[in-house]
Structures are given as C-alpha cells and as structure tokens.
Amino acid sequence: MLYVTRLGRFARFAPLAPLLVLTAAPSAAAHTGSDHLTVTVRDAGSGADGTYELDCHPGHGSHPDVAGACAVLDRNTQWGRDTFAPVPDNSICTMQYGGPATAHVTGTWAGRPVDARFDRSDGCDIARWDRFVPLLPELGAPRA
C-alpha cells in the first residue's frame with residue numbers, strides 16, 4: 001500500500017518532526033536581547049524610591065540588583081503567559097493593607113510590551129509585589 005503524506009519529499013524526516021517542533025519553541029529564558037525595563041518606585045521608603053533601568057541577557061543597568069532582578073523575571077516568565085498580568089478581577093483577597101508603595105514597570109520583556117502597575121492595597125497585590133522582589137524592593141509589613 002502507498003501512503004501519501006503532507007510532508008511530501010520531507011516524509012523521510014517524519015520521525016524527526018517532534019524534535020523539530022520542540023526546538024522551534026522558544027524557552028522562557030530565551031529573550032530577544034531587546035528586553036529593557038524601566039522600574040519606577042514611589043512611597044516605598046528606606047531609599048528604595050526612584051527610577052531604575054534594567055537590561056537582562058546580559059544584565060546591566062542602574063537597578064540596585066541587576067542579577068537578582070533578571071533572575072526573578074526569568075523565574076516568573078512562562079511561555080504564553082503575561083509575566084506582569086494583574087491580579088484577576090474575580091480573585092478573593094485578604095483585606096490587609098501593605099502600605100502606600102507603588103511601582104510602574106514599562107518597556108519590553110520576552111519580546112512583549114510591558115506597562116504594569118503594582119501596589120500593596122490587599123493580600124493579592126502584596127503577593128504579586130512580593131513575587132517580583134528584588135525587581136521591586138522588599139518591603140516588610142506596615143507598622144501600626
């Protein structure tokens with residue numbers, strides 16, 4: 001019997017097709033080299049406020065912890081997901097206040113535009129902020 005495939009003249013490479021698909025998919029850590037972020041922190045206190053520039057792969061910039069910030073970004077980056085996604089609207093969050101600190105992250109990461117805002121207005125937003133430490137400054141619990 002003769003089988004006709006869509007691979008046509010490349011049919012002899014069919015056993016290698018799964019490998020080709022796997023190698024064509026970029027990994028979370030494979031960035032384009034054009035990734036650049038600007039991080040602006042306000043009301044964080046302890047000298048953490050300011051505007052910092054960050055480039056990764058290779059890491060450089062004015063951020064106080066370039067290596068740590070790049071590492072936390074790599075850990076939080078998953079293919080097909082928005083690294084900086086806000087807390088979903090339907091989330092159930094503890095009603096705790098983490099202080100007045102805010103952050104604004106803009107630029108490009110993993111080839112995608114970034115315009116993310118962070119605050120510490122409830123438990124979910126505090127957890128989101130803490131996931132990005134040391135890109136964002138580590139803040140303790142607010143004092144009463």
# chains A, B, ... in the order shown; residues from 1 in each chain; ligands from 1
$ select_by_dssp --residues "stretch 38-127 of chain A" --states "alpha helix (DSSP H)" --output "number ranges by chain"
A: 66-76, 123-127
$ residues_around --residues "A:Thr102" --least-positions-apart "6" --cutoff "7 Å" --atoms "only C-alpha atoms" --output "PDB file with C-alpha atoms, in the first residue's frame"
ATOM      1  CA  VAL A  41       9.080  53.018  42.654  1.00  0.00           C
ATOM      2  CA  ARG A  42       7.257  55.570  44.825  1.00  0.00           C
ATOM      3  CA  ASP A  43       6.470  55.773  48.544  1.00  0.00           C
ATOM      4  CA  PHE A 118       1.933  47.458  41.256  1.00  0.00           C
ATOM      5  CA  ASP A 119       0.629  48.447  44.671  1.00  0.00           C
TER       6      ASP A 119
END
$ closest_residue --among "A:Ala44, A:Leu54, A:Ala127, A:Leu37" --to "A:Thr94" --atoms "only C-alpha atoms"
A:Ala127
$ closest_residue --among "A:His104, A:His60, A:His36, A:Arg131" --to "A:Arg75" --atoms "only C-alpha atoms"
A:Arg131
$ closest_residue --among "A:Asp82, A:Asp89, A:Glu53, A:Asp130" --to "A:Arg112" --atoms "only C-alpha atoms"
A:Asp82
$ atom_distance --atom1 "atom CA of A:Val114" --atom2 "atom CA of A:Met95"
27.5 Å
$ residues_around --residues "A:Asp74" --least-positions-apart "2" --cutoff "12 Å" --atoms "only C-alpha atoms" --output "VMD selection string"
chain A and resid 27 to 31 35 56 to 57 59 67 to 72 76 to 79 83 to 84 109 to 110 131 to 132 135
$ atom_distance --atom1 "atom CA of A:Pro113" --atom2 "atom CA of A:His63"
19.3 Å
$ residues_around --residues "A:Ser46" --least-positions-apart "4" --cutoff "12 Å" --atoms "only C-alpha atoms" --output "PyMOL selection string"
chain A and resi 41-42+50+101+137-140
$ closest_residue --among "A:Ile92, A:Ala116, A:Ile126, A:Ala103" --to "A:Tyr52" --atoms "only C-alpha atoms"
A:Ala103
$ residues_around --residues "A:Gly98" --least-positions-apart "2" --cutoff "8 Å" --atoms "only C-alpha atoms" --output "NGL selection string"
:A and (96 or 100-101 or 120-123 or 126 or 141-142)
$ write_last_selection --atoms "all heavy atoms" --output "JSON list (two decimals), in the first residue's frame"
[["chain", "number", "residue", "atom", "x", "y", "z"],
["A", 96, "GLN", "N", -5.98, 43.25, 53.71],
["A", 96, "GLN", "CA", -4.89, 43.79, 54.50],
["A", 96, "GLN", "C", -4.22, 44.87, 53.66],
["A", 96, "GLN", "O", -4.26, 44.83, 52.44],
["A", 96, "GLN", "CB", -3.90, 42.70, 54.90],
["A", 96, "GLN", "CG", -3.15, 42.09, 53.74],
["A", 96, "GLN", "CD", -2.34, 40.88, 54.13],
["A", 96, "GLN", "OE1", -2.90, 39.81, 54.33],
["A", 96, "GLN", "NE2", -1.04, 41.05, 54.24],
["A", 100, "PRO", "N", 1.78, 52.33, 51.35],
["A", 100, "PRO", "CA", 1.49, 53.20, 50.21],
["A", 100, "PRO", "C", 2.38, 52.99, 48.98],
["A", 100, "PRO", "O", 2.21, 53.69, 47.98],
["A", 100, "PRO", "CB", 1.73, 54.60, 50.80],
["A", 100, "PRO", "CG", 2.82, 54.38, 51.80],
["A", 100, "PRO", "CD", 2.53, 53.02, 52.40],
["A", 101, "ALA", "N", 3.31, 52.07, 49.02],
["A", 101, "ALA", "CA", 4.26, 51.89, 47.91],
["A", 101, "ALA", "C", 3.55, 51.55, 46.61],
["A", 101, "ALA", "O", 2.58, 50.79, 46.59],
["A", 101, "ALA", "CB", 5.27, 50.79, 48.25],
["A", 120, "ARG", "N", 0.22, 47.75, 46.94],
["A", 120, "ARG", "CA", 0.12, 46.79, 48.04],
["A", 120, "ARG", "C", -1.20, 47.01, 48.78],
["A", 120, "ARG", "O", -1.27, 47.06, 49.99],
["A", 120, "ARG", "CB", 1.34, 46.95, 48.96],
["A", 120, "ARG", "CG", 2.64, 46.61, 48.20],
["A", 120, "ARG", "CD", 3.87, 46.87, 49.00],
["A", 120, "ARG", "NE", 3.95, 46.07, 50.20],
["A", 120, "ARG", "CZ", 4.40, 44.82, 50.26],
["A", 120, "ARG", "NH1", 4.82, 44.22, 49.16],
["A", 120, "ARG", "NH2", 4.45, 44.19, 51.41],
["A", 121, "SER", "N", -2.28, 47.15, 48.00],
["A", 121, "SER", "CA", -3.58, 47.53, 48.55],
["A", 121, "SER", "C", -4.37, 46.39, 49.18],
["A", 121, "SER", "O", -5.31, 46.63, 49.92],
["A", 121, "SER", "CB", -4.43, 48.20, 47.48],
["A", 121, "SER", "OG", -4.61, 47.31, 46.39],
["A", 122, "ASP", "N", -4.01, 45.14, 48.88],
["A", 122, "ASP", "CA", -4.67, 43.99, 49.51],
["A", 122, "ASP", "C", -3.73, 42.79, 49.45],
["A", 122, "ASP", "O", -2.63, 42.88, 48.92],
["A", 122, "ASP", "CB", -6.03, 43.69, 48.87],
["A", 122, "ASP", "CG", -5.94, 43.31, 47.40],
["A", 122, "ASP", "OD1", -4.96, 42.67, 46.99],
["A", 122, "ASP", "OD2", -6.88, 43.65, 46.65],
["A", 123, "GLY", "N", -4.17, 41.67, 50.01],
["A", 123, "GLY", "CA", -3.32, 40.50, 50.08],
["A", 123, "GLY", "C", -2.85, 39.98, 48.73],
["A", 123, "GLY", "O", -1.71, 39.54, 48.60],
["A", 126, "ILE", "N", -0.20, 42.41, 47.40],
["A", 126, "ILE", "CA", 1.02, 42.25, 48.18],
["A", 126, "ILE", "C", 1.77, 41.01, 47.68],
["A", 126, "ILE", "O", 2.98, 41.04, 47.47],
["A", 126, "ILE", "CB", 0.72, 42.14, 49.68],
["A", 126, "ILE", "CG1", 0.20, 43.48, 50.22],
["A", 126, "ILE", "CG2", 1.96, 41.70, 50.46],
["A", 126, "ILE", "CD1", -0.37, 43.41, 51.62],
["A", 141, "ALA", "N", 6.07, 44.24, 56.62],
["A", 141, "ALA", "CA", 4.70, 44.57, 56.99],
["A", 141, "ALA", "C", 4.65, 46.01, 57.50],
["A", 141, "ALA", "O", 5.58, 46.47, 58.17],
["A", 141, "ALA", "CB", 4.20, 43.61, 58.07],
["A", 142, "PRO", "N", 3.59, 46.75, 57.19],
["A", 142, "PRO", "CA", 3.50, 48.12, 57.67],
["A", 142, "PRO", "C", 3.38, 48.17, 59.19],
["A", 142, "PRO", "O", 2.82, 47.26, 59.80],
["A", 142, "PRO", "CB", 2.23, 48.66, 56.99],
["A", 142, "PRO", "CG", 1.41, 47.46, 56.69],
["A", 142, "PRO", "CD", 2.40, 46.34, 56.46]]
$ atom_distance --atom1 "atom CA of A:Val66" --atom2 "atom CA of A:Thr51"
13.5 Å
